[in-house]
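Participant: This is the structure I want to talk about, given as structure tokens.
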Amino acid sequence: MLPRVVLITAVVVLAQVPVCAQDLPASNESTTNASSETARAFLNHHCLECHGPEKPKGMFRVDSLSADFGDRAEGDRWQAVLKRVSAGEMPPKTKPRPSEQEVAALTHWIGAHAEAAEVARRAAEGRVVLRRLNRTEYEKTVRDLLGIDVDLRDRLALDGSMDGFDNVGAALRLSSFALERYVEAADVALNIAICNKPAPPKMKQRFSLKDQHAVKIYGNEFYRVLEDGTVVMFISTHDTTVTVSQFDPRDLGYYRFRISASGFQSSGKPVTFAVHNHSAGLVGYFDVPPEKPTVIEFVARQERNRGSIQIAPYGLGREVTQTPGKAAQYQGAGLAVHWVEVEGPLYDTWPPASHRRIFGDLPQERLDRNSDQLEVVSKDPKADAERIIREFARRAFRRPLTEYDLTLFMSLVDGRLAEKDTFEQAVRVSLTGILSSPKFLFLDEKPGQLDDFALASRLSYFFWSTLPDDELLTLAEQKKLSQPEVLRRQVERMLQDPKAAALATNFCGQWLNLRDIEATIPHSGRYPEFDKMLQVSMVKEAELFFTELLKNDLSLTNVVASDFSMLNGRLAQHYGIPGVEGLWEFRKTPLPAESHRGGALTMAAVLKVTADGTNTSPVKRGAWVLERILGTPPPPPPPDVPPLEPDVRGATSLRERLAKHRSNEACASCHAKIDPPGFALESFDAIGGWREYYRLNNWVAGAKEIKGKFYLQGPDVDATGETADGKHFQNIDEFKQLLLRDKDQLARALTERLVTYATGGVPEAADKPEIEAIVARIRDKDYGLRTLVHEIVQSTMFKNK
């Protein structure tokens, strides 16, 4: 642990960061055409009966509303009133209806007050609250800043989230505990980046699986050893994977792995296998052709003395165990592994690039003759330290270092040198201070139009989730980045960069809830076909689909209905789509009209995260569609209404239970909107498979069998329904067509999501005119997703704080 001076310095610097205004003046009454008394009269006449002090429905009281729109919480409550009244949801249809003039007066009064409060608030603090890097952004930023591969995310305090995203400034607080974790994470990163040992010896060695422990133990039972040393693996179980145990790295670093493998007795079809790294988990899945040795190559970071890799065939089953003579006589498919080669640790120069990024060509010396520990030394410590800090902080702070900050961080160096620390130790204290400084942890944005450096950061964290590269910073220094054409060219360049994969991973991971893919474990009795490869493929499909839309500027309406998806063989099997060879490799695949697939709604990943692993819920799925796809999230359920519990016995129909649930007047208006999309998706089970009936996990005579496990056939699925505006549908395909009737709303919803993610601030009432203008412009270009991204970047919402 570094001296507490670092932590104290970070806290002192943090105190200099401006905080957000909390108390803003209420709007001026004279700016509206209706008085607060008129608004109060409306609420008293139409709303107070249900939302008064006596058992208010939804715990929402209109009598406690004040006209202080400068209070964010109070303003949000008024916006809720505006939304429900404008949509005609309140008062309920069973109550006397207000006149159009009354509704217009109230909505105008709320809108005018809300707009005035937002104008005042934005003048003081901007639209976006001071925004901290979240855990993902911090880790990627440190990696790119230092040129290292390090896992820091789990070392940091958990992030808050708002409106579905964990990069919204208002949800990202900074506690003293979180700050201390940043200091510790910085120390870990610098320990990896700075090299204090002589160059480790390189090795290159080839291994045969016949010498591995598992092959020796199980011998001819699961494996067949050929004359040339090739080992054929005939079984896919957790306890029969093969570890290359002869390789156990003595030195931390990157190693190149090469695996020569082929399909064996596979009837002309590829064979798939997985590789797991003991240090980093799943490396990936690989398809190899039959009978033709193919070399699979990858580079992985290995921890010191943390073991090697595991090779696990996929989809071979256990049939070999029932064959007389076992592996020696088995005629089924297998994975032939000819050899495994390991080379490393890999480095072109020593000290490695991460070390040289900090210290350049400064020499290293052994300060203790009894140790091989090396340290950087300097003949002119203050001059070298100033150069190091100035350049390092420029990249870390994403803008030039001020003289004040230089003095501050140099004082740390001077203090440690005065305490007789070595040059390297003194510089490390200052570097740790930089990596835990508010100017590193927070995006430096001032109210009004962003300067070019802040714009560079907003771009890079939108597309790459990391710091700006040299080209962006150079354009910022030249004050050219904010020029519209320059900005457009940079967006194109950044989207073509491999780092743009972060947009699909981090945006889709939250917009579509893909990060929750492991939150539930499907019931093995009902869904024995589920496995790890299917789960990984689910997420990959969604990310590649979004990338395809963005790359080719395809219409965002494909999110609801498309005639293609990005599939591998495993997903194609799951979806019942023929003609996709190989289990892992993904490709753009046309979808048959009868597949009921196409678009995010019917992707297995979405269907899994909107189920609980055992049962599906029309309420959960319907609410997800309203919130994520249509941008019209339902209000939370009243606290006095019990949740809808699944009937695991199949004794009552789902619709009967929902109809009983809707008999509660407090639930009826919301469920009229929530239930229809949920009903339409009932044709898909908890792992996204198509179904005609429900599965139950009770075993009885006559139960159906999948992979040796049994389930009971339950009631037939009914996916018909009626939308809140009276439109009928028979299945998910017809429901999708109903959604496509309002393409503007689909575009509006996705625009708001992208703006939230891109800027770290949720769009507010004052942003609606600009959002509508964006929707109008992309309407003329078939709602192209890439066009939408360009429009967002050129908008005032993006270019202003």
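Naming works like this for the structure tokens: A, B, ... for the chains as they're shown, residue 1 at the start of each chain, ligands 1 onward in shown order.
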DSSP on the backbone, then: every residue of stretch 489-735 of chain A marked strand (DSSP E), written as a list in words.
Facilitator: Phe564, Ser565, Met566, Leu567, Arg587, Lys588, Thr589, Pro590, Tyr693, Tyr694, Arg695, Leu696, Lys704, Glu705, Ile706, Lys709, Phe710, Tyr711, Leu712, Gln713, Gly714, Pro715, Asp716, Gly721, Glu722, His728 and Phe729 of chain A
Participant: Take the selection from the previous step and output its residues with N, CA, C and O atoms, as a CSV table (one decimal), in the first residue's frame.
Facilitator:
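Contents of result-v3.csv, as written:
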chain,number,residue,atom,x,y,z
A,564,PHE,N,-33.1,-11.3,-41.3
A,564,PHE,CA,-31.8,-12.0,-41.1
A,564,PHE,C,-31.4,-11.9,-39.6
A,564,PHE,O,-32.0,-11.1,-38.8
A,565,SER,N,-30.5,-12.7,-39.2
A,565,SER,CA,-29.8,-12.5,-37.9
A,565,SER,C,-28.4,-13.0,-38.1
A,565,SER,O,-28.0,-13.5,-39.1
A,566,MET,N,-27.6,-12.9,-37.0
A,566,MET,CA,-26.2,-13.3,-37.0
A,566,MET,C,-26.2,-14.6,-36.2
A,566,MET,O,-26.3,-14.6,-35.0
A,567,LEU,N,-26.0,-15.7,-36.9
A,567,LEU,CA,-26.2,-17.0,-36.2
A,567,LEU,C,-24.9,-17.9,-36.4
A,567,LEU,O,-24.2,-17.7,-37.3
A,587,ARG,N,-22.3,-16.1,-38.8
A,587,ARG,CA,-22.4,-15.5,-40.1
A,587,ARG,C,-23.8,-14.8,-40.3
A,587,ARG,O,-24.7,-15.2,-39.5
A,588,LYS,N,-23.9,-13.9,-41.2
A,588,LYS,CA,-25.2,-13.3,-41.5
A,588,LYS,C,-26.1,-14.4,-42.1
A,588,LYS,O,-25.7,-14.9,-43.2
A,589,THR,N,-27.3,-14.7,-41.5
A,589,THR,CA,-28.1,-15.8,-42.0
A,589,THR,C,-29.5,-15.3,-42.3
A,589,THR,O,-30.2,-14.8,-41.5
A,590,PRO,N,-30.0,-15.6,-43.6
A,590,PRO,CA,-31.4,-15.3,-43.9
A,590,PRO,C,-32.3,-16.1,-43.0
A,590,PRO,O,-32.0,-17.3,-42.8
A,693,TYR,N,-46.5,-25.6,-26.3
A,693,TYR,CA,-47.1,-25.9,-25.0
A,693,TYR,C,-46.0,-25.6,-24.0
A,693,TYR,O,-44.9,-25.5,-24.2
A,694,TYR,N,-46.5,-25.6,-22.7
A,694,TYR,CA,-45.6,-25.4,-21.6
A,694,TYR,C,-45.0,-26.7,-21.1
A,694,TYR,O,-45.7,-27.7,-21.1
A,695,ARG,N,-43.8,-26.6,-20.7
A,695,ARG,CA,-43.1,-27.8,-20.1
A,695,ARG,C,-43.2,-27.7,-18.6
A,695,ARG,O,-43.1,-26.7,-18.0
A,696,LEU,N,-43.5,-28.9,-18.0
A,696,LEU,CA,-43.5,-29.0,-16.5
A,696,LEU,C,-42.5,-30.0,-16.1
A,696,LEU,O,-42.3,-31.0,-16.9
A,704,LYS,N,-42.1,-36.6,-21.9
A,704,LYS,CA,-41.2,-36.5,-23.1
A,704,LYS,C,-39.8,-36.4,-22.6
A,704,LYS,O,-39.5,-35.9,-21.5
A,705,GLU,N,-38.9,-36.8,-23.5
A,705,GLU,CA,-37.5,-37.0,-23.1
A,705,GLU,C,-36.6,-36.1,-24.0
A,705,GLU,O,-36.8,-36.0,-25.2
A,706,ILE,N,-35.7,-35.4,-23.4
A,706,ILE,CA,-34.6,-34.6,-24.1
A,706,ILE,C,-33.3,-34.9,-23.4
A,706,ILE,O,-33.2,-34.6,-22.2
A,709,LYS,N,-33.4,-36.7,-20.0
A,709,LYS,CA,-34.2,-36.1,-19.0
A,709,LYS,C,-35.6,-35.9,-19.4
A,709,LYS,O,-35.9,-35.8,-20.6
A,710,PHE,N,-36.5,-35.9,-18.5
A,710,PHE,CA,-37.9,-36.0,-18.8
A,710,PHE,C,-38.6,-34.7,-18.3
A,710,PHE,O,-38.3,-34.2,-17.3
A,711,TYR,N,-39.7,-34.3,-19.1
A,711,TYR,CA,-40.5,-33.3,-18.6
A,711,TYR,C,-42.0,-33.6,-19.0
A,711,TYR,O,-42.2,-34.4,-19.9
A,712,LEU,N,-42.9,-33.0,-18.3
A,712,LEU,CA,-44.3,-33.2,-18.6
A,712,LEU,C,-44.9,-32.2,-19.5
A,712,LEU,O,-44.5,-31.0,-19.3
A,713,GLN,N,-45.7,-32.5,-20.4
A,713,GLN,CA,-46.3,-31.5,-21.3
A,713,GLN,C,-47.4,-30.9,-20.6
A,713,GLN,O,-48.4,-31.5,-20.1
A,714,GLY,N,-47.4,-29.5,-20.5
A,714,GLY,CA,-48.4,-28.8,-19.8
A,714,GLY,C,-49.4,-28.2,-20.8
A,714,GLY,O,-49.6,-28.7,-21.9
A,715,PRO,N,-50.1,-27.1,-20.4
A,715,PRO,CA,-51.2,-26.6,-21.3
A,715,PRO,C,-50.6,-26.0,-22.6
A,715,PRO,O,-49.4,-25.6,-22.6
A,716,ASP,N,-51.4,-25.9,-23.6
A,716,ASP,CA,-51.0,-25.2,-24.8
A,716,ASP,C,-50.8,-23.8,-24.6
A,716,ASP,O,-51.4,-23.1,-23.8
A,721,GLY,N,-53.7,-11.9,-28.6
A,721,GLY,CA,-54.0,-10.8,-27.7
A,721,GLY,C,-54.6,-9.6,-28.4
A,721,GLY,O,-54.8,-9.6,-29.6
A,722,GLU,N,-54.8,-8.5,-27.6
A,722,GLU,CA,-55.3,-7.3,-28.1
A,722,GLU,C,-54.6,-6.1,-27.4
A,722,GLU,O,-54.4,-6.1,-26.2
A,728,HIS,N,-56.0,-6.5,-32.7
A,728,HIS,CA,-55.9,-7.9,-32.3
A,728,HIS,C,-54.7,-8.5,-33.1
A,728,HIS,O,-54.3,-8.1,-34.2
A,729,PHE,N,-54.0,-9.5,-32.4
A,729,PHE,CA,-53.0,-10.3,-33.1
A,729,PHE,C,-53.1,-11.7,-32.7
A,729,PHE,O,-53.6,-12.1,-31.6
Participant: Quick one: DSSP helix (DSSP H, G or I) residues in stretch 193-243 of chain A, as a ChimeraX atom specification?
Facilitator: /A:193,209-211,213-221,238-240
Participant: Just give me the gap between atom CA of A:Lys326 and atom CA of A:Asn277 in Å, one decimal is fine.
Facilitator: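 Interatomic distance, atom CA of A:Lys326 to atom CA of A:Asn277: 29.2 Å.
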Participant: Find, counting only C-alpha atoms, the residue in A:His338, A:His276, A:Asn552, A:Cys50 that gets nearest to A:Glu227.
Facilitator: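 Counting only C-alpha atoms, the residue closest to A:Glu227 is A:His338.
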Participant: For a quick check of understanding, using only C-alpha atoms, which of A:Arg366, A:Lys479, A:Arg786, A:Arg416 has the smallest distance to A:Leu554?
Facilitator: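 Going through A:Arg366, A:Lys479, A:Arg786, A:Arg416 one by one, the smallest distance to A:Leu554 is for A:Arg786.
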Participant: May I have the residues within 10 Å of A:Gly509 as a PDB file with N, CA and C atoms, in the first residue's frame, using only C-alpha atoms and disregarding those fewer than 6 positions away in the same chain?
Facilitator:
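Below is the file that was written, selection_39.pdb:
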ATOM      1  N   PHE A 165     -28.581   2.512 -17.352  1.00  0.00           N
ATOM      2  CA  PHE A 165     -27.174   2.617 -17.727  1.00  0.00           C
ATOM      3  C   PHE A 165     -26.312   2.985 -16.522  1.00  0.00           C
ATOM      4  N   ALA A 502     -16.652  -2.057 -28.251  1.00  0.00           N
ATOM      5  CA  ALA A 502     -17.118  -1.695 -26.907  1.00  0.00           C
ATOM      6  C   ALA A 502     -18.518  -1.103 -26.941  1.00  0.00           C
ATOM      7  N   LEU A 503     -18.893  -0.427 -28.039  1.00  0.00           N
ATOM      8  CA  LEU A 503     -20.229   0.154 -28.129  1.00  0.00           C
ATOM      9  C   LEU A 503     -21.287  -0.938 -28.128  1.00  0.00           C
ATOM     10  N   ARG A 515     -26.295  -8.076 -19.910  1.00  0.00           N
ATOM     11  CA  ARG A 515     -25.407  -8.311 -18.772  1.00  0.00           C
ATOM     12  C   ARG A 515     -26.031  -9.247 -17.740  1.00  0.00           C
ATOM     13  N   ASP A 516     -27.347  -9.421 -17.819  1.00  0.00           N
ATOM     14  CA  ASP A 516     -28.031 -10.299 -16.868  1.00  0.00           C
ATOM     15  C   ASP A 516     -28.138 -11.730 -17.374  1.00  0.00           C
ATOM     16  N   ILE A 517     -27.386 -12.070 -18.411  1.00  0.00           N
ATOM     17  CA  ILE A 517     -27.536 -13.388 -19.030  1.00  0.00           C
ATOM     18  C   ILE A 517     -27.208 -14.510 -18.053  1.00  0.00           C
ATOM     19  N   VAL A 539     -25.599 -14.062 -26.452  1.00  0.00           N
ATOM     20  CA  VAL A 539     -25.110 -12.687 -26.310  1.00  0.00           C
ATOM     21  C   VAL A 539     -24.389 -12.247 -27.575  1.00  0.00           C
ATOM     22  N   ALA A 542     -26.745 -11.010 -30.382  1.00  0.00           N
ATOM     23  CA  ALA A 542     -27.288  -9.665 -30.196  1.00  0.00           C
ATOM     24  C   ALA A 542     -26.246  -8.595 -30.502  1.00  0.00           C
ATOM     25  N   GLU A 543     -25.014  -8.795 -30.036  1.00  0.00           N
ATOM     26  CA  GLU A 543     -23.960  -7.808 -30.276  1.00  0.00           C
ATOM     27  C   GLU A 543     -23.607  -7.717 -31.751  1.00  0.00           C
TER      28      GLU A 543
END
Participant: Would you pick out the contacts of A:Leu133 at 8 Å or less, using only C-alpha atoms, so that residues sharing its chain but fewer than 4 positions from it are not included, and give the list as a ChimeraX atom specification?
Facilitator: /A:137-138,167,441-443
Participant: Write out as number ranges by chain which residues come within 8 Å of A:Lys210 when counting only C-alpha atoms, dropping same-chain ones fewer than 3 positions away.
Facilitator: A: 215-216, 225, 229-231
Participant: Could you turn the residues from that selection into a file that holds N, CA, C and O atoms, as a JSON list (two decimals), in the first residue's frame?
Facilitator:
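See selection.json below for the written result:
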[["chain", "number", "residue", "atom", "x", "y", "z"],
["A", 215, "VAL", "N", -5.47, -38.16, -19.76],
["A", 215, "VAL", "CA", -5.33, -39.21, -20.78],
["A", 215, "VAL", "C", -4.70, -40.45, -20.17],
["A", 215, "VAL", "O", -5.10, -41.59, -20.47],
["A", 216, "LYS", "N", -3.73, -40.26, -19.30],
["A", 216, "LYS", "CA", -3.09, -41.41, -18.67],
["A", 216, "LYS", "C", -4.06, -42.15, -17.75],
["A", 216, "LYS", "O", -4.03, -43.38, -17.65],
["A", 225, "VAL", "N", -5.17, -42.97, -28.50],
["A", 225, "VAL", "CA", -3.86, -42.42, -28.84],
["A", 225, "VAL", "C", -3.39, -43.06, -30.13],
["A", 225, "VAL", "O", -3.24, -44.28, -30.22],
["A", 229, "GLY", "N", 1.18, -39.91, -31.93],
["A", 229, "GLY", "CA", 1.02, -39.14, -30.70],
["A", 229, "GLY", "C", -0.25, -38.33, -30.64],
["A", 229, "GLY", "O", -0.54, -37.70, -29.61],
["A", 230, "THR", "N", -1.02, -38.30, -31.72],
["A", 230, "THR", "CA", -2.30, -37.61, -31.71],
["A", 230, "THR", "C", -3.24, -38.27, -30.71],
["A", 230, "THR", "O", -3.31, -39.50, -30.62],
["A", 231, "VAL", "N", -3.96, -37.45, -29.97],
["A", 231, "VAL", "CA", -4.96, -37.97, -29.02],
["A", 231, "VAL", "C", -6.34, -37.59, -29.54],
["A", 231, "VAL", "O", -6.61, -36.41, -29.82]]
Participant: What does the distance between atom CA of A:Lys93 and atom CA of A:His45 come to in Å, to one decimal place?
Facilitator: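 Between these atoms lies a distance of 15.0 Å.
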Participant: Which of these, A:Ala672, A:Ala185, A:Leu601, A:Val717, has the shortest distance to A:Asp733 once you count only C-alpha atoms?
Facilitator: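 Ranking A:Ala672, A:Ala185, A:Leu601, A:Val717 by distance to A:Asp733, first place goes to A:Leu601.
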Participant: Excluding A:Ser683 and residues on its chain fewer than 5 positions from it, collect all residues at most 7 Å away from it, counting only C-alpha atoms, and give them as a ChimeraX atom specification.
Facilitator: /A:690-692,717,719
Participant: Write the residues of the preceding selection, restricted to C-alpha atoms, as an mmCIF file, in the first residue's frame.
Facilitator:
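Okay, this is what ended up in result.cif:
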data_model
loop_
_atom_site.group_PDB
_atom_site.id
_atom_site.type_symbol
_atom_site.label_atom_id
_atom_site.label_comp_id
_atom_site.auth_asym_id
_atom_site.auth_seq_id
_atom_site.Cartn_x
_atom_site.Cartn_y
_atom_site.Cartn_z
ATOM 1 C CA TRP A 690 -40.106 -21.920 -29.699
ATOM 2 C CA ARG A 691 -42.921 -23.820 -27.990
ATOM 3 C CA GLU A 692 -46.489 -24.886 -28.643
ATOM 4 C CA VAL A 717 -49.558 -21.781 -25.344
ATOM 5 C CA ALA A 719 -50.017 -16.102 -27.887
#
